[in-house]
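Student: Pasting a structure below so you can have a look.
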Amino acid sequence: MTTVDQPVDVLLSDGTTVQLRQIRPQDAPEIVAMHSRFSERTRYLRYFSPYPRIPERDLHRFVNVDHRDREAFVVLAVDRIVAVGRYERLGPQAPEAEVAFVVEDAWQGRGIGSVLLEHLADAARRSGIVHFVAEVLPANSAMLRVFADFGYQVQRQYADGVVHLTFPIAPTEATLEVQRGREHRTEARSIARLLAPRGVAVYGASATGQGVGAAVLGHLRDGGYRGAIVPVHPSAATVAGLPAYPSAADAGAQIDLAVVAVAAEAAAGVVTDAAAAGAHGLVVISAGFAEADAEGAAAQRALVRAAHVAGMRVIGPNCLGVANTAEKVRLNATLAPVLPAPGRVGLFSQSGVFGVALLAEARRRGLGLSSFVSAGNRADVSGNDLLQYWQDDPGTDVILLYLETFGNPRKFARLARRIGRDKPVVALASLARPVGLGDGPALDEAAVSALFAQSGVIRVETVAELLDVGVLLAHQPLPAGPRVAVVGNSSALTGLAATACATQGLTVVGGYPRDVGPHAGAAEFAAALAEAAADDGVDALVAVFAPPLPGQLTVEEADFTAALPAALAAGKPAVATFLAGRVPAGVPAYPGVEEAVRALGRVNRYAAWLRRDPGTPPEVARVDPAAGQAALRANASDAAGLLAAYGIELVESAPAATADDAVAAAARLGWPVALKAADPGLRHRLDLGAVRLDLAEEAALRRAYAELAPAFGTDVLVQPMVPPGVACVVELVEDPAFGPVVGFGLGGVATELLGDRAWRAVPLTDRDAFELVDEPRAAPLLRGHRGAAPVDRAALADLLLRVGRLADEQPRVRSLTLNPVLARPDGISVLHAAVRVGAAGVRPDTGPRRLRPHPPQAGTRPDPGPRRP
């Protein structure tokens, strides 16, 4: 959300950063200056007249707005206003507003109009405006294109030489798709300029060749970088054998990237110098920022602020650097002296120090890289930015991520779900959440893993597994199914492999594992593998080999590795564990059987996710978001009213504090009834005696009350009886990092104790809903376990879709629990609901595009102008 106190940085279509904020009265001189830079054509297209200067009365009105009926945003580049957009409500409480914006000539064609329209529409919706209108001259094709390309249903009318446009501003799937497409392109381009720079300036390289800066400069030079390398040094004429300059601009070269290895306190000066040279981004290897102390955190914020003002992005600080192995680039701006061979794997590491070891291990395993980024403190560029870049990078087929913390997991899950359809994403990800994110408990390990799996992410637990899976994906096709053939020359190893397959969800096909015996030579081993590979009932192979005893086989007979390529020519994935010899390139080799099979199992689960239809968010009838908001405003604890707005019927229950009250309630609700302890934790506890069922007359009810009251308190609930069913639980949780997630499980103490819940992130597709119903371990009880009639699973899925819709549209709902939900063959009954309401949950992947907000600055609160009469 863009507010008075919270300006935001945004990316333009060319990857440049600019700032967007609300207009202030003190902006008047800058507005006049911007107006003076307009061409005559720009003035005419905006104001329908030459309008050579802004009259004082108009200027006062332009810069004084009430931020409700009249709003205006300005866009600043290098602290200079280059664009302004505004809306004005068409009458008191009117649902329509006129929208207009103008962009300085030098900044046109970079997507500023689209950014302004996103933020204006967001602000207008929060002020109760539902439609925008605009008047545009037919010659203003660029402005007409902004409106036409946004995804809104625009109505056009031509009259008096002007095109009149009207369109609703409520977000739709079409507008979100357009917005996210622009987000993808801008973020990808901002990274592309950093990974394929025309020139690199290096700050902090000593003339003596000592220190971090000199190391990076040497690696950049010795790696064969194709562009200009400019060491920046205050006094030296040469550094590392290269001409040095006191300022990057003095070199006269095209500089896109600045590598910063100076002390933290000197970094601000580097930003100024790099901006003057036209750099698009900084790679800050220097430490001493947010990882050090509060003072360092403040310096880090100032660094990013200065870089964004100058139109640059920041990788780091406290990072290892960046690399691009493409032959036309050959960029090694890292602390690693030697990079892995060129390949088709993109690698992101949050840790700087650990990144060196990660690169070394990738090189040892023969894992070729396309590009590498170490983000360090992630003050600006994050793993999500790299996902956007790698999605379109033709040189990258596999993405590996090492993440220590999550900044925006909701966005990560969204991006991975889209990108994973074309390129596998493997993540070693911590459960740690940023401090202060959300006010509720985080989900457990199983729930987080399920949410990743929903997005198609291959989540691994160790660095070794990250590379295990990466090597397999880089060199082998995906398996067509879970059927595996195990071939080896050791019964112990093949048996171990078969056991490992069972734990990884892989099926060893009939006739396997096949042990060719310790006396078998390479030819026999190859023949067995070839036979397995040719079997239509086999989807993948596991080859295990133990070295023969000395003198047991001739050299030719024991050359098992040479036999592998021909044996595996059928195009099926294979993993190998060879305890002797070096496996040829292209065959993933692992030191142990368990590692090999585990990597194959993880890849098989990803392949199965690809084969599944992802489903679509279906239309849900009888949903009224406005009624839900009204129910929350009227009574935050009115669960029945909130649920009714989403087509969920709650079985009525009446509170009672005496036996007479209970009898009166039963007479009103209708006999027979159930009597329950009022405490939410006891309402479903039949096992504790807190629930009495099927009370058909007054005497039975009074007896039940007399028994319940001493044990559980005098406050009870009376509820009409409904047909019995399988007790289920539906939960909505506002997770601190993932945002709203929906959980489903079966009721009962045992399932609660075991945490038998399935989880999915909102929004839910139809497939998500059915998978939620089928995923808990106790789910067979819903499908007719031991002769019972199957319940209406479609009704449960519909309920989950409605809860998911509620979660998506009511951000004030922090949690919701439906317990129990009785599922029967003929439908469901929701017996009780508990809702917790608070401030709207933090949902960082919603709203108009922005990078990250700035903290409030003293003196920036504008003086609201007069309200429009």
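For the structure tokens, the naming scheme is as follows: chains receive sequential letters (A, B, ...) according to their order of presentation, residues are indexed from 1 within each chain, and ligands are indexed from 1 in presentation order.
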From stretch 46-110 of chain A, collect each residue whose DSSP state is strand (DSSP E) and return the set as a list in words.
Tutor: Arg70, Glu71, Ala72, Phe73, Val74, Val75, Leu76, Ala77, Arg80, Ile81, Val82, Ala83, Val84, Gly85, Arg86, Tyr87, Glu88, Arg89, Glu96, Ala97, Glu98, Val99, Ala100, Phe101, Val102 and Val103 of chain A
Student: Using only C-alpha atoms, which residues sit within 8 Å of A:Val99 once same-chain residues fewer than 2 positions away are excluded, as a ChimeraX atom specification?
Tutor: /A:85-88,97,101,132-134
Student: May I have the selected residues written with N, CA and C atoms, as a PDB file, in the first residue's frame?
Tutor:
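Once written, out_2.pdb looks like this:
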ATOM      1  N   GLY A  85       0.669  11.630 -11.775  1.00  0.00           N
ATOM      2  CA  GLY A  85      -0.621  11.044 -12.112  1.00  0.00           C
ATOM      3  C   GLY A  85      -1.616  11.390 -11.028  1.00  0.00           C
ATOM      4  N   ARG A  86      -2.869  11.572 -11.398  1.00  0.00           N
ATOM      5  CA  ARG A  86      -3.858  11.982 -10.406  1.00  0.00           C
ATOM      6  C   ARG A  86      -5.226  11.440 -10.781  1.00  0.00           C
ATOM      7  N   TYR A  87      -6.087  11.336  -9.754  1.00  0.00           N
ATOM      8  CA  TYR A  87      -7.497  11.099 -10.008  1.00  0.00           C
ATOM      9  C   TYR A  87      -8.300  12.121  -9.228  1.00  0.00           C
ATOM     10  N   GLU A  88      -9.517  12.390  -9.685  1.00  0.00           N
ATOM     11  CA  GLU A  88     -10.411  13.334  -9.025  1.00  0.00           C
ATOM     12  C   GLU A  88     -11.822  12.772  -9.076  1.00  0.00           C
ATOM     13  N   ALA A  97     -14.194   8.421 -10.829  1.00  0.00           N
ATOM     14  CA  ALA A  97     -13.177   9.460 -10.738  1.00  0.00           C
ATOM     15  C   ALA A  97     -12.491   9.587 -12.088  1.00  0.00           C
ATOM     16  N   PHE A 101      -2.529  11.385 -16.313  1.00  0.00           N
ATOM     17  CA  PHE A 101      -1.120  11.469 -15.923  1.00  0.00           C
ATOM     18  C   PHE A 101      -0.306  11.980 -17.098  1.00  0.00           C
ATOM     19  N   PHE A 132     -12.904   4.375 -13.239  1.00  0.00           N
ATOM     20  CA  PHE A 132     -12.129   5.507 -13.723  1.00  0.00           C
ATOM     21  C   PHE A 132     -12.700   5.942 -15.064  1.00  0.00           C
ATOM     22  N   VAL A 133     -12.653   7.236 -15.294  1.00  0.00           N
ATOM     23  CA  VAL A 133     -12.960   7.783 -16.607  1.00  0.00           C
ATOM     24  C   VAL A 133     -11.761   8.615 -17.040  1.00  0.00           C
ATOM     25  N   ALA A 134     -11.576   8.712 -18.341  1.00  0.00           N
ATOM     26  CA  ALA A 134     -10.455   9.484 -18.867  1.00  0.00           C
ATOM     27  C   ALA A 134     -10.845  10.062 -20.209  1.00  0.00           C
TER      28      ALA A 134
END
Student: Do a neighbour search on A:Ser449 at 12 Å with only C-alpha atoms, toss out local chain neighbours closer than 2 positions, and write the hits as a PyMOL selection string.
Tutor: chain A and resi 413+427-431+443-447+451-461+738+758-761
Student: When you count only C-alpha atoms, which of these residues is closest to A:Ala375: A:Pro720, A:Gly321, A:Gly586, A:Gly470?
Tutor: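 Result for the nearest residue to A:Ala375: A:Gly321.
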Student: Would you mind reading off the distance between atom CA of A:Leu496 and atom CA of A:Val575, one decimal, in Å?
Tutor: 14.3 Å
Student: Find the residues near stretch 149-159 of chain A: any atom within 9 Å, counting only C-alpha atoms, skip ones fewer than 5 places away on the same chain, and give them as JSON, numbers by chain.
Tutor: {"A": [114, 117, 138, 144, 164, 165, 166, 167, 168, 169, 170, 171, 172, 173, 174, 175, 176, 177, 178, 179]}
Student: Would you save the residues from that selection as an mmCIF file, in the first residue's frame, using C-alpha atoms?
Tutor:
data_model
loop_
_atom_site.group_PDB
_atom_site.id
_atom_site.type_symbol
_atom_site.label_atom_id
_atom_site.label_comp_id
_atom_site.auth_asym_id
_atom_site.auth_seq_id
_atom_site.Cartn_x
_atom_site.Cartn_y
_atom_site.Cartn_z
ATOM 1 C CA SER A 114 1.321 1.776 -16.203
ATOM 2 C CA LEU A 117 -2.262 3.645 -13.115
ATOM 3 C CA PRO A 138 -6.919 10.425 -30.528
ATOM 4 C CA LEU A 144 -4.584 5.020 -25.186
ATOM 5 C CA HIS A 164 -13.888 9.165 -23.685
ATOM 6 C CA LEU A 165 -12.864 6.068 -21.750
ATOM 7 C CA THR A 166 -14.672 4.351 -18.865
ATOM 8 C CA PHE A 167 -13.497 1.214 -17.070
ATOM 9 C CA PRO A 168 -13.922 -0.586 -13.732
ATOM 10 C CA ILE A 169 -10.782 -0.642 -11.589
ATOM 11 C CA ALA A 170 -11.483 -3.779 -9.542
ATOM 12 C CA PRO A 171 -8.610 -6.228 -10.015
ATOM 13 C CA THR A 172 -9.414 -9.203 -12.219
ATOM 14 C CA GLU A 173 -7.480 -12.217 -13.381
ATOM 15 C CA ALA A 174 -6.743 -10.319 -16.590
ATOM 16 C CA THR A 175 -5.378 -7.217 -14.819
ATOM 17 C CA LEU A 176 -3.342 -9.316 -12.381
ATOM 18 C CA GLU A 177 -1.884 -11.255 -15.296
ATOM 19 C CA VAL A 178 -0.876 -8.026 -17.022
ATOM 20 C CA GLN A 179 0.565 -6.573 -13.821
#
Student: With only C-alpha atoms as the counted atoms, please give the residues lying no more than 9 Å from stretch 613-622 of chain A, apart from itself and same-chain residues fewer than 2 positions off, as a list in words.
Tutor: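 Once the adjacent positions are removed, what remains is Trp609, Leu610, Arg611, Asp624, Ala644, Ala645, Tyr646, Gly647, Pro763, Leu764, Thr765, Asp766, Arg767, Asp768, Asp798, Leu801, Arg802 and Arg805 of chain A.
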Student: Next, the residues of the selection above should be written as a short mmCIF file (atom, residue, chain, number, x, y, z; two decimals), in the first residue's frame with all heavy atoms.
Tutor:
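The resulting result.cif:
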data_model
loop_
_atom_site.label_atom_id
_atom_site.label_comp_id
_atom_site.auth_asym_id
_atom_site.auth_seq_id
_atom_site.Cartn_x
_atom_site.Cartn_y
_atom_site.Cartn_z
N TRP A 609 4.38 -33.92 -10.30
CA TRP A 609 3.70 -32.62 -10.19
C TRP A 609 3.50 -32.01 -11.57
O TRP A 609 2.44 -31.44 -11.86
CB TRP A 609 4.54 -31.70 -9.31
CG TRP A 609 4.01 -30.30 -9.19
CD1 TRP A 609 3.02 -29.86 -8.37
CD2 TRP A 609 4.45 -29.16 -9.93
NE1 TRP A 609 2.82 -28.51 -8.54
CE2 TRP A 609 3.68 -28.06 -9.49
CE3 TRP A 609 5.40 -28.95 -10.91
CZ2 TRP A 609 3.84 -26.77 -10.01
CZ3 TRP A 609 5.59 -27.67 -11.44
CH2 TRP A 609 4.81 -26.60 -10.99
N LEU A 610 4.49 -32.15 -12.43
CA LEU A 610 4.35 -31.61 -13.79
C LEU A 610 3.24 -32.31 -14.57
O LEU A 610 2.53 -31.67 -15.35
CB LEU A 610 5.67 -31.78 -14.55
CG LEU A 610 6.77 -30.76 -14.33
CD1 LEU A 610 7.99 -31.13 -15.16
CD2 LEU A 610 6.31 -29.36 -14.67
N ARG A 611 3.10 -33.61 -14.35
CA ARG A 611 2.09 -34.37 -15.10
C ARG A 611 0.68 -34.08 -14.63
O ARG A 611 -0.28 -34.29 -15.37
CB ARG A 611 2.38 -35.87 -14.99
CG ARG A 611 3.64 -36.32 -15.71
CD ARG A 611 3.71 -37.84 -15.80
NE ARG A 611 3.82 -38.47 -14.50
CZ ARG A 611 4.97 -38.75 -13.90
NH1 ARG A 611 6.12 -38.44 -14.49
NH2 ARG A 611 5.00 -39.35 -12.72
N ASP A 624 -20.58 -13.13 -1.41
CA ASP A 624 -20.82 -11.69 -1.35
C ASP A 624 -19.75 -11.06 -0.44
O ASP A 624 -19.95 -10.95 0.77
CB ASP A 624 -22.22 -11.40 -0.82
CG ASP A 624 -22.57 -9.92 -0.90
OD1 ASP A 624 -21.67 -9.09 -1.15
OD2 ASP A 624 -23.77 -9.59 -0.70
N ALA A 644 -21.98 -16.97 6.21
CA ALA A 644 -23.14 -16.90 5.31
C ALA A 644 -22.83 -16.10 4.06
O ALA A 644 -23.34 -16.38 2.97
CB ALA A 644 -24.33 -16.30 6.06
N ALA A 645 -21.97 -15.06 4.20
CA ALA A 645 -21.59 -14.25 3.05
C ALA A 645 -20.82 -15.06 2.02
O ALA A 645 -20.71 -14.66 0.86
CB ALA A 645 -20.77 -13.05 3.50
N TYR A 646 -20.28 -16.19 2.44
CA TYR A 646 -19.54 -17.05 1.51
C TYR A 646 -20.25 -18.38 1.28
O TYR A 646 -19.63 -19.37 0.88
CB TYR A 646 -18.12 -17.26 2.04
CG TYR A 646 -17.29 -16.02 1.82
CD1 TYR A 646 -17.31 -14.99 2.75
CD2 TYR A 646 -16.57 -15.84 0.65
CE1 TYR A 646 -16.60 -13.82 2.52
CE2 TYR A 646 -15.86 -14.68 0.42
CZ TYR A 646 -15.87 -13.67 1.36
OH TYR A 646 -15.18 -12.50 1.12
N GLY A 647 -21.55 -18.39 1.50
CA GLY A 647 -22.36 -19.56 1.19
C GLY A 647 -22.12 -20.74 2.09
O GLY A 647 -22.38 -21.88 1.70
N PRO A 763 -4.55 -18.44 -3.41
CA PRO A 763 -5.88 -18.95 -3.76
C PRO A 763 -5.85 -20.44 -4.10
O PRO A 763 -4.85 -20.94 -4.62
CB PRO A 763 -6.26 -18.11 -4.98
CG PRO A 763 -4.95 -17.78 -5.62
CD PRO A 763 -3.98 -17.60 -4.49
N LEU A 764 -6.95 -21.11 -3.80
CA LEU A 764 -7.06 -22.54 -4.06
C LEU A 764 -7.62 -22.79 -5.45
O LEU A 764 -8.55 -22.12 -5.89
CB LEU A 764 -7.98 -23.20 -3.02
CG LEU A 764 -7.58 -23.14 -1.55
CD1 LEU A 764 -8.61 -23.88 -0.72
CD2 LEU A 764 -6.20 -23.72 -1.33
N THR A 765 -7.06 -23.77 -6.12
CA THR A 765 -7.67 -24.26 -7.34
C THR A 765 -8.60 -25.42 -6.99
O THR A 765 -8.59 -25.93 -5.86
CB THR A 765 -6.61 -24.75 -8.33
OG1 THR A 765 -5.97 -25.92 -7.80
CG2 THR A 765 -5.54 -23.69 -8.57
N ASP A 766 -9.39 -25.85 -7.96
CA ASP A 766 -10.26 -27.00 -7.71
C ASP A 766 -9.45 -28.24 -7.36
O ASP A 766 -9.83 -29.03 -6.50
CB ASP A 766 -11.17 -27.26 -8.92
CG ASP A 766 -10.42 -27.26 -10.25
OD1 ASP A 766 -9.17 -27.14 -10.24
OD2 ASP A 766 -11.07 -27.35 -11.31
N ARG A 767 -8.29 -28.38 -8.00
CA ARG A 767 -7.45 -29.53 -7.68
C ARG A 767 -6.88 -29.43 -6.27
O ARG A 767 -6.79 -30.42 -5.55
CB ARG A 767 -6.32 -29.67 -8.70
CG ARG A 767 -5.50 -30.92 -8.46
CD ARG A 767 -4.48 -31.20 -9.53
NE ARG A 767 -3.88 -32.50 -9.29
CZ ARG A 767 -4.33 -33.64 -9.78
NH1 ARG A 767 -5.40 -33.63 -10.55
NH2 ARG A 767 -3.74 -34.79 -9.50
N ASP A 768 -6.47 -28.22 -5.87
CA ASP A 768 -5.97 -28.02 -4.51
C ASP A 768 -7.00 -28.49 -3.48
O ASP A 768 -6.66 -29.15 -2.49
CB ASP A 768 -5.66 -26.55 -4.26
CG ASP A 768 -4.45 -26.05 -5.02
OD1 ASP A 768 -3.57 -26.88 -5.32
OD2 ASP A 768 -4.39 -24.85 -5.31
N ASP A 798 -15.89 -28.18 -1.92
CA ASP A 798 -16.59 -26.91 -2.10
C ASP A 798 -16.45 -26.03 -0.86
O ASP A 798 -16.23 -24.81 -0.96
CB ASP A 798 -18.07 -27.17 -2.40
CG ASP A 798 -18.86 -25.88 -2.56
OD1 ASP A 798 -18.69 -25.21 -3.60
OD2 ASP A 798 -19.62 -25.54 -1.63
N LEU A 801 -12.99 -24.50 -0.87
CA LEU A 801 -12.89 -23.42 -1.84
C LEU A 801 -13.53 -22.14 -1.30
O LEU A 801 -13.01 -21.03 -1.51
CB LEU A 801 -13.57 -23.82 -3.15
CG LEU A 801 -12.83 -24.87 -3.99
CD1 LEU A 801 -13.71 -25.35 -5.13
CD2 LEU A 801 -11.54 -24.28 -4.55
N ARG A 802 -14.63 -22.28 -0.58
CA ARG A 802 -15.29 -21.10 -0.01
C ARG A 802 -14.44 -20.49 1.10
O ARG A 802 -14.31 -19.26 1.21
CB ARG A 802 -16.68 -21.48 0.51
CG ARG A 802 -17.63 -21.89 -0.60
CD ARG A 802 -18.99 -22.31 -0.10
NE ARG A 802 -19.81 -22.76 -1.23
CZ ARG A 802 -20.47 -21.95 -2.04
NH1 ARG A 802 -20.45 -20.64 -1.83
NH2 ARG A 802 -21.16 -22.43 -3.05
N ARG A 805 -11.65 -18.67 -0.56
CA ARG A 805 -12.12 -17.38 -1.11
C ARG A 805 -12.27 -16.36 0.01
O ARG A 805 -11.87 -15.19 -0.14
CB ARG A 805 -13.46 -17.61 -1.82
CG ARG A 805 -14.06 -16.40 -2.48
CD ARG A 805 -13.43 -16.07 -3.81
NE ARG A 805 -14.15 -14.96 -4.42
CZ ARG A 805 -15.16 -15.11 -5.28
NH1 ARG A 805 -15.55 -16.34 -5.63
NH2 ARG A 805 -15.76 -14.06 -5.81
#
Student: Using only C-alpha atoms, which protein or nucleic acid residues come within 9 Å of A:Trp390? Drop anything in the same chain fewer than 4 positions from it, and give the result as number ranges by chain.
Tutor: A: 188, 346, 385-386, 394-399, 419, 423
Student: Show me, as a ChimeraX atom specification, the residues that have an atom within 10 Å of A:Ala299 when counting only C-alpha atoms, minus same-chain residues fewer than 2 positions from it.
Tutor: /A:264-265,267-268,288-290,293-297,301-305
Student: Write down as a PyMOL selection string the residues belonging to stretch 365-480 of chain A that are assigned helix (DSSP H, G or I) by DSSP computed on the backbone.
Tutor: chain A and resi 383-392+409-419+445-454+463-475
Student: Considering only C-alpha atoms, can you say which of A:Leu781, A:Leu675, A:Arg89, A:Val345 comes closest to A:His475?
Tutor: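 Answer, going by the shortest atom-to-atom distance: A:Val345.
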